[in-house]
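target-v7.cif (mmCIF, C-alpha atoms)
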data_query
loop_
_atom_site.label_atom_id
_atom_site.label_comp_id
_atom_site.auth_asym_id
_atom_site.auth_seq_id
_atom_site.Cartn_x
_atom_site.Cartn_y
_atom_site.Cartn_z
CA VAL A 959 20.82 -6.92 10.61
CA PHE A 960 23.73 -5.60 8.53
CA THR A 961 23.84 -8.60 6.19
CA PRO A 962 20.55 -7.89 4.30
CA TRP A 963 21.57 -4.25 3.92
CA PHE A 964 25.03 -5.17 2.63
CA LEU A 965 23.75 -7.77 0.16
CA LEU A 966 21.00 -5.52 -1.23
CA TYR A 967 23.48 -2.68 -1.63
CA GLN A 968 25.89 -4.92 -3.55
CA ILE A 969 23.09 -6.28 -5.76
CA LEU A 970 21.89 -2.79 -6.72
CA ASP A 971 25.46 -1.69 -7.34
CA TYR A 972 26.00 -4.69 -9.62
CA LEU A 973 22.74 -4.11 -11.55
CA GLY A 974 23.49 -0.43 -12.10
CA SER A 975 21.13 2.51 -12.41
CA PRO A 976 17.78 1.81 -14.14
CA LYS A 977 16.87 3.98 -17.10
CA GLY A 978 13.78 5.48 -15.47
CA TYR A 979 13.34 7.27 -12.19
CA PHE A 980 11.30 9.82 -10.29
CA PRO A 981 13.31 13.09 -10.47
CA ILE A 982 13.30 14.08 -6.80
CA LYS A 983 16.96 15.10 -6.62
CA ILE A 984 17.81 18.56 -5.28
CA PRO A 985 21.33 19.07 -6.71
CA ILE A 986 22.79 21.17 -3.92
CA THR A 987 26.15 20.43 -2.37
CA LEU A 988 28.29 22.46 0.02
CA HIS A 989 31.89 23.02 -1.07
CA LEU A 990 33.51 23.78 2.24
CA SER A 991 37.06 23.89 3.55
CA LEU A 992 38.87 21.49 5.85
CA PRO A 993 38.19 18.38 3.75
CA PHE A 994 40.36 16.15 5.93
CA ILE A 995 38.34 16.95 9.06
CA THR A 996 35.01 16.64 7.31
CA GLU A 997 36.03 13.26 5.88
CA ASN A 998 36.78 12.06 9.40
CA PHE A 999 33.35 13.23 10.52
CA PHE A 1000 31.83 11.37 7.55
CA LEU A 1001 33.56 8.15 8.61
CA LEU A 1002 32.19 8.46 12.14
CA SER A 1003 29.00 6.80 10.85
CA ILE A 1004 30.79 3.42 10.85
CA PRO A 1005 32.03 3.28 14.47
CA ILE A 1006 28.80 4.88 15.72
CA THR A 1007 26.74 2.17 14.04
CA LEU A 1008 28.99 -0.64 15.27
CA LEU A 1009 29.10 0.80 18.78
CA TYR A 1010 25.51 0.14 19.81
CA PRO A 1011 25.48 -3.69 19.49
CA LEU A 1012 28.59 -3.73 21.70
CA VAL A 1013 27.15 -1.56 24.50
CA ALA A 1014 23.54 -2.85 24.49
CA ARG A 1015 22.62 -4.07 27.97
CA THR A 1016 19.77 -6.50 27.30
CA LYS A 1017 18.35 -8.73 24.58
CA THR A 1018 15.43 -6.30 24.37
CA ASP A 1019 17.83 -3.49 23.50
CA LEU A 1020 19.41 -5.60 20.75
CA LYS A 1021 16.02 -6.63 19.42
CA GLU A 1022 14.86 -3.03 19.20
CA PHE A 1023 18.03 -2.06 17.32
CA ALA A 1024 17.63 -5.05 14.98
CA VAL A 1025 13.96 -4.42 14.17
CA THR A 1026 14.55 -0.70 13.71
CA GLY A 1027 17.51 -1.41 11.44
CA LEU A 1028 15.49 -3.83 9.32
CA PHE A 1029 12.66 -1.27 8.98
CA GLY A 1030 15.19 1.34 7.91
CA THR A 1031 16.78 -1.07 5.44
CA VAL A 1032 13.48 -2.02 3.78
CA PHE A 1033 12.12 1.52 3.60
CA GLY A 1034 15.46 2.95 2.48
CA PHE A 1035 15.98 0.49 -0.36
CA TYR A 1036 12.37 0.90 -1.45
CA LEU A 1037 12.96 4.63 -1.93
CA MET A 1038 16.32 3.92 -3.57
CA ILE A 1039 14.70 1.64 -6.15
CA LEU A 1040 11.99 4.20 -6.91
CA HIS A 1041 14.46 7.06 -7.25
CA ASP A 1042 17.86 6.73 -8.84
CA SER A 1043 18.91 10.11 -10.20
CA SER A 1044 21.51 10.05 -7.41
CA TYR A 1045 21.83 6.28 -7.51
CA LEU A 1046 22.75 4.40 -4.30
CA THR A 1047 22.88 7.64 -2.29
CA PHE A 1048 19.16 8.54 -2.06
CA PRO A 1049 18.42 8.05 0.76
CA SER A 1050 21.78 8.24 2.54
CA PHE A 1051 22.39 5.05 4.50
CA HIS A 1052 25.21 6.81 6.34
CA ILE A 1053 22.50 8.98 7.87
CA ILE A 1054 20.02 6.14 8.33
CA TRP A 1055 22.38 3.94 10.33
CA THR A 1056 23.88 6.86 12.24
CA VAL A 1057 20.53 8.28 13.35
CA ILE A 1058 19.13 4.84 14.28
CA SER A 1059 22.25 4.12 16.35
CA LEU A 1060 22.24 7.55 18.03
CA PHE A 1061 18.55 7.26 18.94
CA THR A 1062 19.16 3.92 20.62
CA LEU A 1063 22.35 5.16 22.32
CA ALA A 1064 20.43 8.16 23.66
CA ARG A 1065 17.98 5.79 25.35
CA LEU A 1066 20.84 3.93 27.01
CA PHE A 1067 22.89 7.01 27.96
CA PRO A 1068 20.37 9.86 28.32
CA LYS A 1069 22.77 12.08 30.28
CA VAL A 1070 24.90 12.70 27.18
CA LYS A 1071 22.07 13.25 24.67
CA LEU A 1072 23.70 16.50 23.58
CA LEU A 1073 26.82 14.58 22.54
CA TRP A 1074 24.82 12.17 20.38
CA PHE A 1075 22.95 15.10 18.82
CA LEU A 1076 26.19 16.90 17.95
CA LEU A 1077 27.69 13.73 16.47
CA GLY A 1078 24.64 13.36 14.25
CA ILE A 1079 25.00 16.94 13.01
CA LEU A 1080 28.70 16.43 12.27
CA VAL A 1081 28.06 13.26 10.26
CA ALA A 1082 25.26 14.92 8.26
CA TYR A 1083 27.44 17.98 7.64
CA SER A 1084 30.32 15.81 6.48
CA CYS A 1085 28.14 13.77 4.10
CA VAL A 1086 27.24 16.92 2.20
CA ALA A 1087 30.51 18.81 2.60
CA THR A 1088 32.67 16.05 1.08
CA GLY A 1089 30.50 15.95 -2.03
CA PRO A 1090 29.28 12.34 -2.58
CA GLU A 1091 25.81 13.07 -1.20
CA THR A 1092 23.46 15.99 -1.61
CA ILE A 1093 21.20 17.71 0.88
CA SER A 1094 18.22 15.80 -0.52
CA ASP A 1095 20.03 12.48 0.08
CA VAL A 1096 20.73 13.43 3.69
CA VAL A 1097 17.19 14.69 4.34
CA ALA A 1098 15.70 11.52 2.84
CA GLY A 1099 17.96 9.41 5.07
CA LEU A 1100 16.84 11.41 8.10
CA ILE A 1101 13.17 10.85 7.21
CA VAL A 1102 13.70 7.10 6.81
CA ALA A 1103 15.55 6.89 10.13
CA LEU A 1104 12.89 8.89 11.97
CA PHE A 1105 10.17 6.68 10.49
CA ALA A 1106 12.01 3.53 11.60
CA THR A 1107 12.68 4.80 15.12
CA GLN A 1108 9.19 6.24 15.59
CA ARG A 1109 7.33 3.43 13.80
CA GLN A 1110 5.39 2.36 16.90
CA HIS A 1111 4.14 5.89 17.50
CA VAL A 1112 3.21 6.16 13.81
CA TRP A 1113 1.32 2.85 13.96
CA LYS A 1114 -0.56 3.88 17.12
CA THR A 1115 -1.60 7.11 15.43
CA ILE A 1116 -2.80 5.19 12.37
CA LYS A 1117 -4.80 2.75 14.53
CA ARG A 1118 -6.37 5.53 16.58
CA ASN A 1119 -7.55 7.43 13.51
CA THR A 1120 -8.59 4.22 11.77
CA GLU A 1121 -10.86 3.29 14.67
CA ARG A 1122 -12.45 6.73 14.60
CA PHE A 1123 -12.96 6.49 10.85
CA ALA A 1124 -14.31 2.91 11.03
CA ASN A 1125 -17.11 4.09 13.35
CA SER A 1126 -18.13 7.05 11.19
CA TRP A 1127 -21.12 5.34 9.53
CA LYS A 1128 -23.85 7.80 8.54
CA GLU A 1129 -27.06 7.37 6.59
CA TRP A 1130 -29.88 9.57 5.40
CA ASP A 1131 -33.44 8.40 4.64
CA PHE A 1132 -35.59 10.08 2.00
CA GLY A 1133 -38.85 8.16 1.98
CA SER A 1134 -38.12 4.67 0.67
CA ILE A 1135 -34.60 5.59 -0.41
CA ARG A 1136 -31.53 5.56 1.84
CA PHE A 1137 -28.11 7.12 1.23
CA LEU A 1138 -25.04 5.67 2.96
CA ASN A 1139 -21.86 7.68 3.46
CA HIS A 1140 -19.49 4.79 2.72
CA GLY A 1141 -20.89 4.67 -0.81
CA PHE A 1142 -18.82 7.77 -1.57
CA TYR A 1143 -15.59 5.81 -1.08
CA GLY A 1144 -16.95 2.98 -3.21
CA ALA A 1145 -17.67 5.54 -5.94
CA LEU A 1146 -14.05 6.65 -5.90
CA VAL A 1147 -12.95 3.16 -7.03
CA PRO A 1148 -14.28 3.27 -10.63
CA PHE A 1149 -13.64 7.02 -10.77
CA PHE A 1150 -9.91 6.60 -10.13
CA ALA A 1151 -9.79 3.38 -12.16
CA VAL A 1152 -11.17 5.03 -15.30
CA LEU A 1153 -9.11 8.16 -14.68
CA LEU A 1154 -5.78 6.37 -14.16
CA VAL A 1155 -6.21 3.87 -16.99
CA GLY A 1156 -7.38 6.67 -19.28
CA ILE A 1157 -4.31 8.72 -18.42
CA MET A 1158 -2.07 5.75 -19.20
CA ILE A 1159 -3.51 4.58 -22.54
CA GLY A 1160 -5.30 7.67 -23.86
CA GLU A 1161 -8.69 9.07 -24.85
CA GLU A 1162 -9.06 6.86 -27.93
CA HIS A 1163 -9.67 3.87 -25.65
CA ILE A 1164 -12.06 5.56 -23.21
CA VAL A 1165 -15.13 3.56 -24.32
CA ALA A 1166 -13.21 0.31 -23.80
CA ILE A 1167 -12.15 1.51 -20.34
CA PHE A 1168 -15.77 2.33 -19.48
CA ILE A 1169 -16.87 -1.17 -20.56
CA VAL A 1170 -14.22 -2.66 -18.27
CA ALA A 1171 -15.46 -0.49 -15.37
CA ILE A 1172 -19.10 -1.59 -15.82
CA SER A 1173 -18.14 -5.24 -16.21
CA THR A 1174 -16.06 -5.03 -13.03
CA MET A 1175 -18.94 -3.61 -10.98
CA VAL A 1176 -21.50 -6.13 -12.28
CA CYS A 1177 -19.29 -9.19 -11.81
CA SER A 1178 -18.18 -8.12 -8.31
CA ALA A 1179 -21.86 -8.00 -7.29
CA LEU A 1180 -22.62 -11.39 -8.87
CA TRP A 1181 -19.56 -12.99 -7.28
CA ALA A 1182 -20.53 -11.84 -3.81
CA GLN A 1183 -24.09 -13.05 -4.30
CA PHE A 1184 -22.97 -16.59 -5.09
CA ILE A 1185 -20.00 -16.77 -2.71
CA GLU A 1186 -21.06 -14.67 0.28
CA GLY A 1187 -24.70 -13.81 -0.32
CA SER A 1188 -27.19 -14.25 2.50
CA GLU A 1189 -30.37 -12.72 3.88
CA LYS A 1190 -28.22 -10.23 5.79
CA LEU A 1191 -26.07 -9.40 2.74
CA LEU A 1192 -28.57 -8.55 0.05
CA ARG A 1193 -26.19 -6.51 -2.08
CA PRO A 1194 -22.54 -7.28 -1.31
CA PHE A 1195 -19.57 -6.84 -3.64
CA GLY A 1196 -16.62 -9.21 -4.03
CA PHE A 1197 -13.05 -8.27 -5.02
CA TYR A 1198 -12.25 -11.39 -7.03
CA GLY A 1199 -15.52 -11.06 -8.89
CA GLY A 1200 -14.29 -7.62 -9.88
CA VAL A 1201 -11.01 -9.13 -11.10
CA LEU A 1202 -12.87 -11.60 -13.31
CA GLY A 1203 -15.14 -8.80 -14.48
CA ALA A 1204 -12.19 -6.62 -15.40
CA VAL A 1205 -10.58 -9.41 -17.43
CA LEU A 1206 -13.91 -10.18 -19.11
CA GLY A 1207 -14.45 -6.51 -19.91
CA CYS A 1208 -10.94 -6.26 -21.39
CA PHE A 1209 -11.63 -9.32 -23.53
CA ILE A 1210 -14.93 -7.91 -24.81
CA ALA A 1211 -13.34 -4.54 -25.53
CA SER A 1212 -10.46 -6.16 -27.43
CA ILE A 1213 -12.91 -8.06 -29.66
CA PHE A 1214 -15.36 -5.27 -30.49
CA LEU A 1215 -13.14 -2.20 -30.18
CA ASN A 1216 -9.74 -1.26 -31.54
CA VAL A 1217 -7.71 -1.93 -28.39
CA SER A 1218 -4.97 -4.40 -27.54
CA PHE A 1219 -5.99 -6.93 -24.89
CA LEU A 1220 -2.57 -6.84 -23.23
CA LEU A 1221 -2.51 -3.04 -23.25
CA ILE A 1222 -5.80 -2.52 -21.46
CA VAL A 1223 -5.24 -5.42 -19.06
CA SER A 1224 -1.77 -4.18 -18.11
CA ALA A 1225 -2.96 -0.61 -17.56
CA THR A 1226 -5.81 -1.93 -15.41
CA CYS A 1227 -3.38 -4.07 -13.41
CA VAL A 1228 -1.05 -1.12 -12.79
CA ALA A 1229 -3.93 1.10 -11.63
CA ALA A 1230 -5.63 -1.66 -9.59
CA PRO A 1231 -3.50 -1.50 -6.38
CA LEU A 1232 -3.98 2.24 -5.89
CA VAL A 1233 -7.66 1.94 -6.77
CA GLN A 1234 -8.15 -0.92 -4.31
CA ALA A 1235 -6.37 1.09 -1.60
CA VAL A 1236 -9.01 3.82 -2.00
CA GLY A 1237 -11.82 1.24 -1.93
CA ARG A 1238 -10.61 -0.13 1.41
CA PHE A 1239 -11.86 3.05 3.09
CA ARG A 1240 -15.37 1.85 2.26
CA CYS A 1241 -14.50 -1.51 3.81
CA LEU A 1242 -13.49 0.19 7.05
CA ILE A 1243 -16.82 1.97 7.48
CA GLN A 1244 -18.98 -0.90 6.22
CA GLY A 1245 -17.06 -3.43 8.33
CA CYS A 1246 -16.44 -5.87 5.49
CA CYS A 1247 -13.05 -7.55 5.06
CA HIS A 1248 -12.54 -7.13 8.81
CA GLY A 1249 -9.96 -8.94 10.89
CA ALA A 1250 -10.17 -11.67 13.51
CA GLN A 1251 -10.08 -10.89 17.22
CA CYS A 1252 -6.70 -9.88 18.59
CA GLU A 1253 -4.92 -8.26 21.52
CA SER A 1254 -5.72 -4.67 22.46
CA ASN A 1255 -2.34 -3.37 21.29
CA GLN A 1256 -2.84 -4.92 17.84
CA GLY A 1257 -6.33 -3.96 16.74
CA ILE A 1258 -9.22 -1.55 16.54
CA ARG A 1259 -12.82 -1.69 17.82
CA TYR A 1260 -16.18 -1.30 16.10
CA TYR A 1261 -19.25 0.05 17.89
CA HIS A 1262 -21.71 1.08 15.19
CA GLU A 1263 -24.68 -1.31 14.98
CA ARG A 1264 -24.71 -1.19 11.18
CA SER A 1265 -21.13 -2.40 10.83
CA ARG A 1266 -20.71 -6.00 9.70
CA VAL A 1267 -18.27 -6.53 12.56
CA VAL A 1268 -21.16 -5.88 14.98
CA LYS A 1269 -24.11 -7.10 12.93
CA LEU A 1270 -22.68 -10.31 11.45
CA SER A 1271 -19.77 -11.24 13.71
CA GLY A 1272 -21.21 -9.90 16.98
CA TRP A 1273 -17.87 -8.40 18.05
CA LYS A 1274 -19.03 -5.03 19.26
CA GLY A 1275 -16.26 -3.39 21.29
CA LYS A 1276 -13.87 -6.31 20.64
CA PHE A 1277 -10.41 -5.67 19.25
CA VAL A 1278 -9.95 -6.97 15.69
CA TYR A 1279 -7.03 -6.74 13.30
CA PRO A 1280 -7.34 -3.66 11.03
CA THR A 1281 -6.97 -5.77 7.89
CA PRO A 1282 -8.26 -3.08 5.50
CA VAL A 1283 -5.33 -0.93 6.66
CA TYR A 1284 -2.94 -3.81 5.93
CA SER A 1285 -4.41 -3.93 2.45
CA ILE A 1286 -4.11 -0.17 1.95
CA LEU A 1287 -0.44 -0.17 2.93
CA ALA A 1288 0.45 -3.21 0.80
CA ASN A 1289 -1.38 -1.85 -2.25
CA MET A 1290 0.25 1.55 -1.94
CA ILE A 1291 3.71 0.01 -1.68
CA TYR A 1292 3.57 -2.25 -4.72
CA GLY A 1293 1.22 0.06 -6.62
CA VAL A 1294 3.78 2.87 -6.71
CA PHE A 1295 6.42 0.34 -7.77
CA LEU A 1296 4.25 -0.81 -10.70
CA ILE A 1297 3.77 2.80 -11.82
CA LYS A 1298 7.54 3.23 -11.85
CA LEU A 1299 7.84 0.12 -14.03
CA TRP A 1300 5.21 1.52 -16.40
CA LEU A 1301 7.22 4.74 -16.66
CA ASN A 1302 10.33 2.67 -17.37
CA GLY A 1303 8.72 1.10 -20.45
CA THR A 1304 8.40 -2.41 -19.00
CA GLN A 1305 6.85 -5.18 -21.09
CA LEU A 1306 3.06 -5.31 -20.71
CA ALA A 1307 2.93 -9.02 -19.85
CA MET A 1308 5.56 -8.50 -17.13
CA LEU A 1309 3.42 -5.73 -15.59
CA ILE A 1310 0.38 -8.01 -15.58
CA GLY A 1311 2.37 -10.85 -14.04
CA LEU A 1312 3.92 -8.76 -11.29
CA SER A 1313 0.56 -7.25 -10.40
CA PHE A 1314 -1.00 -10.70 -9.99
CA ILE A 1315 2.00 -11.93 -7.99
CA PHE A 1316 2.10 -8.95 -5.62
CA ASN A 1317 -1.67 -9.06 -5.13
CA GLY A 1318 -1.62 -12.80 -4.46
CA LEU A 1319 1.18 -12.53 -1.91
CA SER A 1320 -0.40 -9.62 -0.03
CA ARG A 1321 -3.91 -11.07 -0.14
CA PHE A 1322 -2.76 -14.50 1.08
CA THR A 1323 -1.09 -12.85 4.08
CA GLU A 1324 -3.98 -10.49 4.74
CA GLU A 1325 -6.50 -13.35 4.73
CA SER A 1326 -4.63 -15.07 7.56
CA TYR A 1327 -5.64 -12.14 9.82
CA ARG A 1328 -9.25 -11.82 8.65
CA GLY A 1329 -12.24 -13.10 10.58
CA GLU A 1330 -15.35 -12.82 8.42
CA PRO A 1331 -17.76 -15.65 9.31
CA GLN A 1332 -19.24 -15.96 5.81
CA THR A 1333 -15.93 -16.76 4.04
CA PRO A 1334 -15.71 -20.52 3.25
CA ILE A 1335 -12.71 -22.48 4.60
CA LEU A 1336 -11.34 -25.32 2.45
CA TRP A 1337 -8.58 -27.64 3.71
CA LYS A 1338 -7.62 -25.24 6.53
CA LEU A 1339 -7.20 -22.28 4.21
CA ARG A 1340 -9.73 -19.58 3.42
CA LEU A 1341 -11.22 -19.65 -0.06
CA TYR A 1342 -9.49 -16.39 -0.93
CA GLN A 1343 -6.12 -17.79 0.11
CA TRP A 1344 -6.51 -20.54 -2.47
CA ILE A 1345 -7.48 -17.94 -5.06
CA ALA A 1346 -4.46 -15.86 -4.03
CA LEU A 1347 -2.21 -18.86 -4.70
CA ILE A 1348 -3.78 -19.29 -8.13
CA SER A 1349 -3.21 -15.56 -8.72
CA ILE A 1350 0.50 -15.98 -7.97
CA PHE A 1351 0.85 -18.85 -10.47
CA ILE A 1352 -1.07 -16.93 -13.14
CA GLY A 1353 1.21 -13.96 -12.58
CA ALA A 1354 4.30 -16.15 -12.85
CA LEU A 1355 3.01 -17.48 -16.17
CA PHE A 1356 2.49 -13.97 -17.56
CA THR A 1357 6.06 -12.97 -16.70
CA THR A 1358 7.32 -15.58 -19.18
CA ILE A 1359 5.44 -14.03 -22.12
CA SER A 1360 7.21 -11.65 -24.50
CA SER A 1361 5.13 -8.55 -25.30
CA PRO A 1362 5.33 -4.87 -26.33
CA SER A 1363 6.48 -2.32 -23.77
CA SER A 1364 4.39 0.27 -21.95
CA ASP A 1365 4.13 3.86 -23.14
CA PRO A 1366 5.51 6.15 -20.42
CA ASN A 1367 3.59 9.17 -21.77
CA PHE A 1368 0.51 10.30 -19.86
CA TYR A 1369 -2.71 11.65 -21.38
CA LEU A 1370 -5.47 13.66 -19.69
CA ASN A 1371 -8.41 15.53 -21.16
CA LEU A 1372 -12.04 16.41 -20.47
CA SER A 1373 -13.51 13.25 -21.95
CA ILE A 1374 -11.44 11.00 -19.66
CA ILE A 1375 -12.52 13.05 -16.63
CA SER A 1376 -16.18 12.96 -17.75
CA PHE A 1377 -16.23 9.17 -18.15
CA ALA A 1378 -14.49 8.81 -14.78
CA ILE A 1379 -17.14 10.96 -13.07
CA PHE A 1380 -19.96 9.06 -14.78
CA SER A 1381 -18.50 5.72 -13.68
CA GLY A 1382 -18.22 7.03 -10.14
CA LEU A 1383 -21.87 8.11 -10.10
CA ILE A 1384 -22.96 4.63 -11.19
CA ALA A 1385 -20.89 3.09 -8.38
CA LEU A 1386 -22.29 5.65 -5.93
CA PHE A 1387 -25.79 4.37 -6.68
CA LEU A 1388 -24.77 0.71 -6.52
CA GLY A 1389 -22.76 1.00 -3.32
CA GLY A 1390 -24.31 3.97 -1.51
CA VAL A 1391 -28.03 4.00 -2.30
CA ASP A 1392 -30.54 1.29 -1.32
CA PHE A 1393 -34.19 0.69 -0.48
CA PRO A 1394 -34.48 -0.28 3.21
CA LYS A 1395 -38.20 -1.14 3.10
CA SER A 1396 -37.72 -3.81 0.44
CA ASN A 1397 -36.57 -7.40 0.88
CA LYS A 1398 -36.00 -8.07 -2.81
CA ARG A 1399 -32.62 -9.27 -3.92
CA PHE A 1400 -30.12 -6.42 -4.50
CA SER A 1401 -32.53 -3.98 -2.85
CA ARG A 1402 -30.65 -3.40 0.41
CA LEU A 1403 -27.02 -2.84 1.34
CA VAL A 1404 -27.54 -3.52 5.07
#
Entire entry expressed as structure tokens:
Amino acid sequence: VFTPWFLLYQILDYLGSPKGYFPIKIPITLHLSLPFITENFFLLSIPITLLYPLVARTKTDLKEFAVTGLFGTVFGFYLMILHDSSYLTFPSFHIIWTVISLFTLARLFPKVKLLWFLLGILVAYSCVATGPETISDVVAGLIVALFATQRQHVWKTIKRNTERFANSWKEWDFGSIRFLNHGFYGALVPFFAVLLVGIMIGEEHIVAIFIVAISTMVCSALWAQFIEGSEKLLRPFGFYGGVLGAVLGCFIASIFLNVSFLLIVSATCVAAPLVQAVGRFRCLIQGCCHGAQCESNQGIRYYHERSRVVKLSGWKGKFVYPTPVYSILANMIYGVFLIKLWLNGTQLAMLIGLSFIFNGLSRFTEESYRGEPQTPILWKLRLYQWIALISIFIGALFTTISSPSSDPNFYLNLSIISFAIFSGLIALFLGGVDFPKSNKRFSRLV
């Protein structure tokens, strides 16, 4: 458990502070007396952390400490990489390890909980009083530790609210026209895509961005028709069709408009994870991209008759993996990281490559938990797992290409917002409005 933390810490120390960061630092320190005593309190974090593995009573106790420590390590270093104005101290790993150890010790020795609480306060006080860490470093460490120790409660809360949201399908009929509530979340995809890309590369390229948005929507519909289309799926949309559509739109825009192909592709790739995370809310309500059956403590249930989980898979009331949530979390994690790289002035080809690699890795893993009956399986892997592997290799290729760097400046004006709203309205019609009395192709969404 300590080895990954130690190695990562040494690697970051060797690499040094990056030139770009999110300025979250609150530069407040407490200059207090009795430095010798406070230093001793500060050093208590080491014996406290080493104490628990020695007093743990069962393998289960050790496993809980190990898993909690690994969660704290991953989350802590993720924040450290994103934020480096107080490099290698935000968040404070003295606090992370101390709090994790004290929480586990309190479960073993509940009669002396007050002692563990006081020790935690003394260590936190010493971290700030001796000067190397600020209050913000200590608070961030406390948040990471609480997240790691309470991760199961957090996950149960997420699952409970996800299940409620997944069964919130609503529709309204107006004669031969039907409006579906999940179309609103689908409309947010091109809205945020146009908005974010516009902010990154500026108003002068807004027409090119709009072309990319339209091409993405059209190709995602065509892809799903040929790959997943059926009598029950008269107007589906496919993610990888959208990827091809985005690349095609970027290529068309680069030929006919004054825009660099690498610039618009890289901006689209950086925005894509956060945009896809928003789009997964539509997946939850519609029931697409759903998981395979699982144990009750692992999944969520669908009850609405319109959901694809009920209508296509016939798993009403069965527990299935919440794979759209997996996708949301993965996209948020690497999406924020890509934005940081954009702010750092990273080469455009590197941004494209990393986006394809991260997406391929997360999608390959996500697909192993999915259970949609219409997805083809080739040589024991789902079709989208093979595509994810291709995505990883394409990304690796892009990382070898030398290219200009990103512009860390952001741009926002009325024309970018207007095009974003217009793109969202088009997607609202495509993904939220259909004609239930018609059996023509593309006429119905359910």
Restricting to all atoms listed in the file, whichever of A:Pro1231, A:Gly1275, A:Gly1390, A:Gly1199 is closest to A:Ile1291 is A:Pro1231
Nearby residues (only C-alpha atoms) at most 7 Å from stretch 1276-1287 of chain A, same-chain spacing under 4 positions excluded, as a ChimeraX atom specification: /A:1235,1238,1241-1242,1247-1254,1256-1259,1291,1324,1327-1328
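Atom CA of A:Arg1065 sits 15.0 Å away from atom CA of A:Ala1024.
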Run the PyMOL selection byres ((chain A and resi 1159-1174) around 6) mentally over the shown coordinates, then write out the matched residues as a PyMOL selection string, using the chain letters and numbers from the document. chain A and resi 1156-1158+1175-1177+1200+1203-1204+1207-1208+1211+1369
Residues matched by the PyMOL selection byres ((chain A and resi 1311) around 8), written as a CSV table (one decimal) with C-alpha atoms, in the coordinates of the input:
chain,number,residue,atom,x,y,z
A,1307,ALA,CA,2.9,-9.0,-19.8
A,1308,MET,CA,5.6,-8.5,-17.1
A,1309,LEU,CA,3.4,-5.7,-15.6
A,1310,ILE,CA,0.4,-8.0,-15.6
A,1312,LEU,CA,3.9,-8.8,-11.3
A,1313,SER,CA,0.6,-7.2,-10.4
A,1314,PHE,CA,-1.0,-10.7,-10.0
A,1315,ILE,CA,2.0,-11.9,-8.0
A,1352,ILE,CA,-1.1,-16.9,-13.1
A,1353,GLY,CA,1.2,-14.0,-12.6
A,1354,ALA,CA,4.3,-16.2,-12.8
A,1355,LEU,CA,3.0,-17.5,-16.2
A,1356,PHE,CA,2.5,-14.0,-17.6
A,1357,THR,CA,6.1,-13.0,-16.7
Kindly indicate which residue among A:Gly1329, A:Glu1129, A:Cys1227, A:Phe1123 lies nearest to A:Ile1243, using all atoms listed in the file for the distances. A:Phe1123
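Across the model, the gap from atom CA of A:Leu1341 to atom CA of A:Trp1181 is 12.9 Å.
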Using atom CA of A:Ile1374 and atom CA of A:Pro1148 as the two end points, give the distance in Å to one decimal. 12.2 Å
